[in-house]
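Trainee: This is the structure, below, for whatever I ask next.
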Amino acid sequence: MLRVATISDDTEAEGPGRRLALWVQGCTIRCPGCCNPEMFATDRGTPMTRDELVARLDRARARGVEGISVLGGEPFEQAAGVTELARAAKALGLTVMVYSGYTLDELHARADAAALLAEIDLLVDGRYDRTRPEPAPPLGRRWLGSTNQTMHHLTAAYRADDPQMRAANTVEFHYVNGQLLVNGWPAGADALHALLRKRPA
Ligand code: SF4
């Protein structure tokens, strides 16, 4: 079982190629300026079974997505459920990318993180630091929010020198359950949410 905030079945804004992006619900890290503060609470979102999620993943695969990206919320705070999903994705021939607010060193120190780490092809790690926004490509790195974060290639599925790693960011806007989601541009999402909070009533 996984508590899910939202799913985009086919996006090009959250990792290489076309991907199913899944935002888990719940994050205790709470970085200032996080672009998804509505995903902090652990009692919101929708509980979904492994079978529901795998069926959805399989339909996305049939339409041509090449992998799953798991964001949040904090995937390692639901490590068991995300591990099951990642294993199912691998069994379907899909790649696995995960964004975590924990650093890889912190994750290596956690016994409950090892099984999920073993399934991940690409890991983006570290807190979002709004004081150090990642410049847009080609000066900066694609898919990263702040300069302290790192893209770890944990398998050979993707090459660090792949041109798509430095291509322009893709930004997508989704309005889901009354919430505006901005995919692919954390600093922009932070600025946009700050602007909306200042909006006159
Ligand atoms: S950026 Fe990630 S780790 Fe930081 S509060 Fe938001 S969801 Fe949590």
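By convention in this document, the chains of the structure tokens carry letters A, B, ... by their order, each chain's residues are numbered from 1, and ligands are numbered from 1 in the order they are shown.
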Going by DSSP on the backbone, which bits of segment 6-182 of chain A are helix (DSSP H, G or I)? Write them as a VMD selection string, please.
Mentor: chain A and resid 37 to 39 50 to 63 75 to 91 104 to 108 111 to 117 163 to 165
Trainee: Enumerate as a ChimeraX atom specification all residues of segment 6-88 of chain A assigned to strand (DSSP E) by DSSP on the backbone, naming them with the chain letters and numbers the document uses.
Mentor: /A:6-11,19-24,46-48,67-71
Trainee: Show me which residues are within 8 Å of ligand 1 counting only C-alpha atoms and all ligand atoms, and format the list as a VMD selection string.
Mentor: chain A and resid 26 to 37 39 to 40 71 to 74 99 to 102 126 to 128
Trainee: May I have the selected residues written with N, CA and C atoms, as a PDB file, in the first residue's frame?
Mentor:
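Written output follows (out04.pdb):
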```pdb
ATOM      1  N   GLY A  26       3.237  12.856   1.974  1.00  0.00           N
ATOM      2  CA  GLY A  26       3.895  12.834   3.267  1.00  0.00           C
ATOM      3  C   GLY A  26       5.374  13.106   3.173  1.00  0.00           C
ATOM      4  N   CYS A  27       5.815  14.138   3.901  1.00  0.00           N
ATOM      5  CA  CYS A  27       7.251  14.429   3.979  1.00  0.00           C
ATOM      6  C   CYS A  27       7.513  15.160   5.287  1.00  0.00           C
ATOM      7  N   THR A  28       8.400  14.601   6.112  1.00  0.00           N
ATOM      8  CA  THR A  28       8.717  15.243   7.399  1.00  0.00           C
ATOM      9  C   THR A  28       9.898  16.194   7.292  1.00  0.00           C
ATOM     10  N   ILE A  29      10.524  16.280   6.137  1.00  0.00           N
ATOM     11  CA  ILE A  29      11.726  17.119   6.010  1.00  0.00           C
ATOM     12  C   ILE A  29      11.342  18.599   5.958  1.00  0.00           C
ATOM     13  N   ARG A  30      10.375  18.929   5.133  1.00  0.00           N
ATOM     14  CA  ARG A  30       9.788  20.279   5.085  1.00  0.00           C
ATOM     15  C   ARG A  30      10.795  21.376   4.761  1.00  0.00           C
ATOM     16  N   CYS A  31      11.424  21.277   3.622  1.00  0.00           N
ATOM     17  CA  CYS A  31      12.363  22.308   3.164  1.00  0.00           C
ATOM     18  C   CYS A  31      11.616  23.629   2.952  1.00  0.00           C
ATOM     19  N   PRO A  32      12.140  24.759   3.440  1.00  0.00           N
ATOM     20  CA  PRO A  32      11.525  26.049   3.114  1.00  0.00           C
ATOM     21  C   PRO A  32      11.497  26.243   1.597  1.00  0.00           C
ATOM     22  N   GLY A  33      10.350  26.644   1.077  1.00  0.00           N
ATOM     23  CA  GLY A  33      10.241  26.880  -0.363  1.00  0.00           C
ATOM     24  C   GLY A  33       9.906  25.639  -1.160  1.00  0.00           C
ATOM     25  N   CYS A  34       9.672  24.508  -0.488  1.00  0.00           N
ATOM     26  CA  CYS A  34       9.270  23.289  -1.206  1.00  0.00           C
ATOM     27  C   CYS A  34       8.079  23.612  -2.106  1.00  0.00           C
ATOM     28  N   CYS A  35       8.132  23.114  -3.349  1.00  0.00           N
ATOM     29  CA  CYS A  35       7.052  23.459  -4.282  1.00  0.00           C
ATOM     30  C   CYS A  35       5.806  22.596  -4.065  1.00  0.00           C
ATOM     31  N   ASN A  36       5.862  21.620  -3.164  1.00  0.00           N
ATOM     32  CA  ASN A  36       4.684  20.777  -2.934  1.00  0.00           C
ATOM     33  C   ASN A  36       4.318  20.704  -1.455  1.00  0.00           C
ATOM     34  N   PRO A  37       4.109  21.851  -0.780  1.00  0.00           N
ATOM     35  CA  PRO A  37       3.821  21.791   0.661  1.00  0.00           C
ATOM     36  C   PRO A  37       2.520  21.059   0.985  1.00  0.00           C
ATOM     37  N   MET A  39       1.858  18.325   0.102  1.00  0.00           N
ATOM     38  CA  MET A  39       2.204  16.901   0.223  1.00  0.00           C
ATOM     39  C   MET A  39       2.980  16.606   1.503  1.00  0.00           C
ATOM     40  N   PHE A  40       3.060  17.560   2.439  1.00  0.00           N
ATOM     41  CA  PHE A  40       3.737  17.305   3.720  1.00  0.00           C
ATOM     42  C   PHE A  40       2.931  16.345   4.607  1.00  0.00           C
ATOM     43  N   LEU A  71       8.336  10.983  -6.802  1.00  0.00           N
ATOM     44  CA  LEU A  71       8.670  12.258  -6.178  1.00  0.00           C
ATOM     45  C   LEU A  71       7.782  12.420  -4.947  1.00  0.00           C
ATOM     46  N   GLY A  72       7.799  13.628  -4.399  1.00  0.00           N
ATOM     47  CA  GLY A  72       6.933  13.756  -3.227  1.00  0.00           C
ATOM     48  C   GLY A  72       6.685  15.191  -2.849  1.00  0.00           C
ATOM     49  N   GLY A  73       6.352  15.075  -1.521  1.00  0.00           N
ATOM     50  CA  GLY A  73       6.464  13.984  -0.530  1.00  0.00           C
ATOM     51  C   GLY A  73       7.860  13.346  -0.542  1.00  0.00           C
ATOM     52  N   GLU A  74       8.049  12.410   0.385  1.00  0.00           N
ATOM     53  CA  GLU A  74       9.361  11.774   0.514  1.00  0.00           C
ATOM     54  C   GLU A  74       9.238  10.275   0.276  1.00  0.00           C
ATOM     55  N   TYR A  99      13.307  10.919  -6.543  1.00  0.00           N
ATOM     56  CA  TYR A  99      13.761  12.161  -5.924  1.00  0.00           C
ATOM     57  C   TYR A  99      13.614  12.006  -4.415  1.00  0.00           C
ATOM     58  N   SER A 100      14.708  12.240  -3.680  1.00  0.00           N
ATOM     59  CA  SER A 100      14.630  12.173  -2.224  1.00  0.00           C
ATOM     60  C   SER A 100      15.231  13.425  -1.602  1.00  0.00           C
ATOM     61  N   GLY A 101      14.638  13.864  -0.499  1.00  0.00           N
ATOM     62  CA  GLY A 101      15.220  14.971   0.252  1.00  0.00           C
ATOM     63  C   GLY A 101      16.389  14.526   1.111  1.00  0.00           C
ATOM     64  N   TYR A 102      16.549  13.224   1.295  1.00  0.00           N
ATOM     65  CA  TYR A 102      17.702  12.705   2.036  1.00  0.00           C
ATOM     66  C   TYR A 102      18.886  12.573   1.084  1.00  0.00           C
ATOM     67  N   GLY A 126      19.003  15.053  -1.754  1.00  0.00           N
ATOM     68  CA  GLY A 126      19.299  16.245  -0.976  1.00  0.00           C
ATOM     69  C   GLY A 126      18.112  17.182  -0.838  1.00  0.00           C
ATOM     70  N   ARG A 127      18.154  17.997   0.251  1.00  0.00           N
ATOM     71  CA  ARG A 127      17.083  18.976   0.502  1.00  0.00           C
ATOM     72  C   ARG A 127      17.006  19.977  -0.649  1.00  0.00           C
ATOM     73  N   TYR A 128      15.825  20.500  -0.852  1.00  0.00           N
ATOM     74  CA  TYR A 128      15.693  21.653  -1.747  1.00  0.00           C
ATOM     75  C   TYR A 128      16.119  22.884  -0.966  1.00  0.00           C
TER      76      TYR A 128
END
```
Trainee: Which distance in Å separates atom CA of Arg110 of chain A and atom CA of Ala89 of chain A, to one decimal?
Mentor: 23.2 Å
Trainee: Write out as a PyMOL selection string which residues come within 9 Å of Glu12 of chain A when counting only C-alpha atoms, dropping same-chain ones fewer than 5 positions away.
Mentor: chain A and resi 17-20+170-172+184
Trainee: Please identify all polymer residues within 9 Å of Leu94 of chain A, counting only C-alpha atoms, omitting same-chain residues fewer than 5 positions from it, and present them as an MDAnalysis selection string.
Mentor: chainID A and resid 61 65:68 86 88:89
Trainee: Could you turn the residues from that selection into a file that holds N, CA and C atoms, as an mmCIF file, in the first residue's frame?
Mentor:
```cif
data_model
loop_
_atom_site.group_PDB
_atom_site.id
_atom_site.type_symbol
_atom_site.label_atom_id
_atom_site.label_comp_id
_atom_site.auth_asym_id
_atom_site.auth_seq_id
_atom_site.Cartn_x
_atom_site.Cartn_y
_atom_site.Cartn_z
ATOM 1 N N ARG A 61 3.115 1.954 -19.781
ATOM 2 C CA ARG A 61 4.160 1.290 -20.571
ATOM 3 C C ARG A 61 3.653 0.972 -21.968
ATOM 4 N N VAL A 65 5.622 4.944 -22.312
ATOM 5 C CA VAL A 65 6.514 5.534 -21.315
ATOM 6 C C VAL A 65 7.676 4.578 -21.066
ATOM 7 N N GLU A 66 8.842 5.151 -20.738
ATOM 8 C CA GLU A 66 10.027 4.312 -20.550
ATOM 9 C C GLU A 66 10.379 4.097 -19.077
ATOM 10 N N GLY A 67 9.706 4.823 -18.186
ATOM 11 C CA GLY A 67 10.074 4.640 -16.785
ATOM 12 C C GLY A 67 9.102 5.315 -15.855
ATOM 13 N N ILE A 68 9.393 5.123 -14.568
ATOM 14 C CA ILE A 68 8.611 5.773 -13.523
ATOM 15 C C ILE A 68 9.535 6.717 -12.765
ATOM 16 N N ALA A 86 8.746 -0.126 -7.451
ATOM 17 C CA ALA A 86 9.965 -0.074 -8.268
ATOM 18 C C ALA A 86 10.299 -1.458 -8.824
ATOM 19 N N ALA A 88 8.180 -3.818 -9.458
ATOM 20 C CA ALA A 88 7.190 -4.105 -10.508
ATOM 21 C C ALA A 88 7.550 -3.353 -11.785
ATOM 22 N N ALA A 89 8.008 -2.116 -11.633
ATOM 23 C CA ALA A 89 8.411 -1.336 -12.814
ATOM 24 C C ALA A 89 9.561 -2.033 -13.541
#
```
Trainee: One decimal, Å: what's the distance from atom CA of Ala80 of chain A over to atom CA of Ala13 of chain A, could you say?
Mentor: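 Taking atom CA of Ala80 of chain A and atom CA of Ala13 of chain A, their separation equals 25.7 Å.
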Trainee: Kindly indicate which residue among A:Ala60, A:Thr147, A:Met97, A:Gln25 lies nearest to Asp10 of chain A, using only C-alpha atoms for the distances.
Mentor: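 Counting only C-alpha atoms, the residue closest to Asp10 of chain A is A:Ala60.
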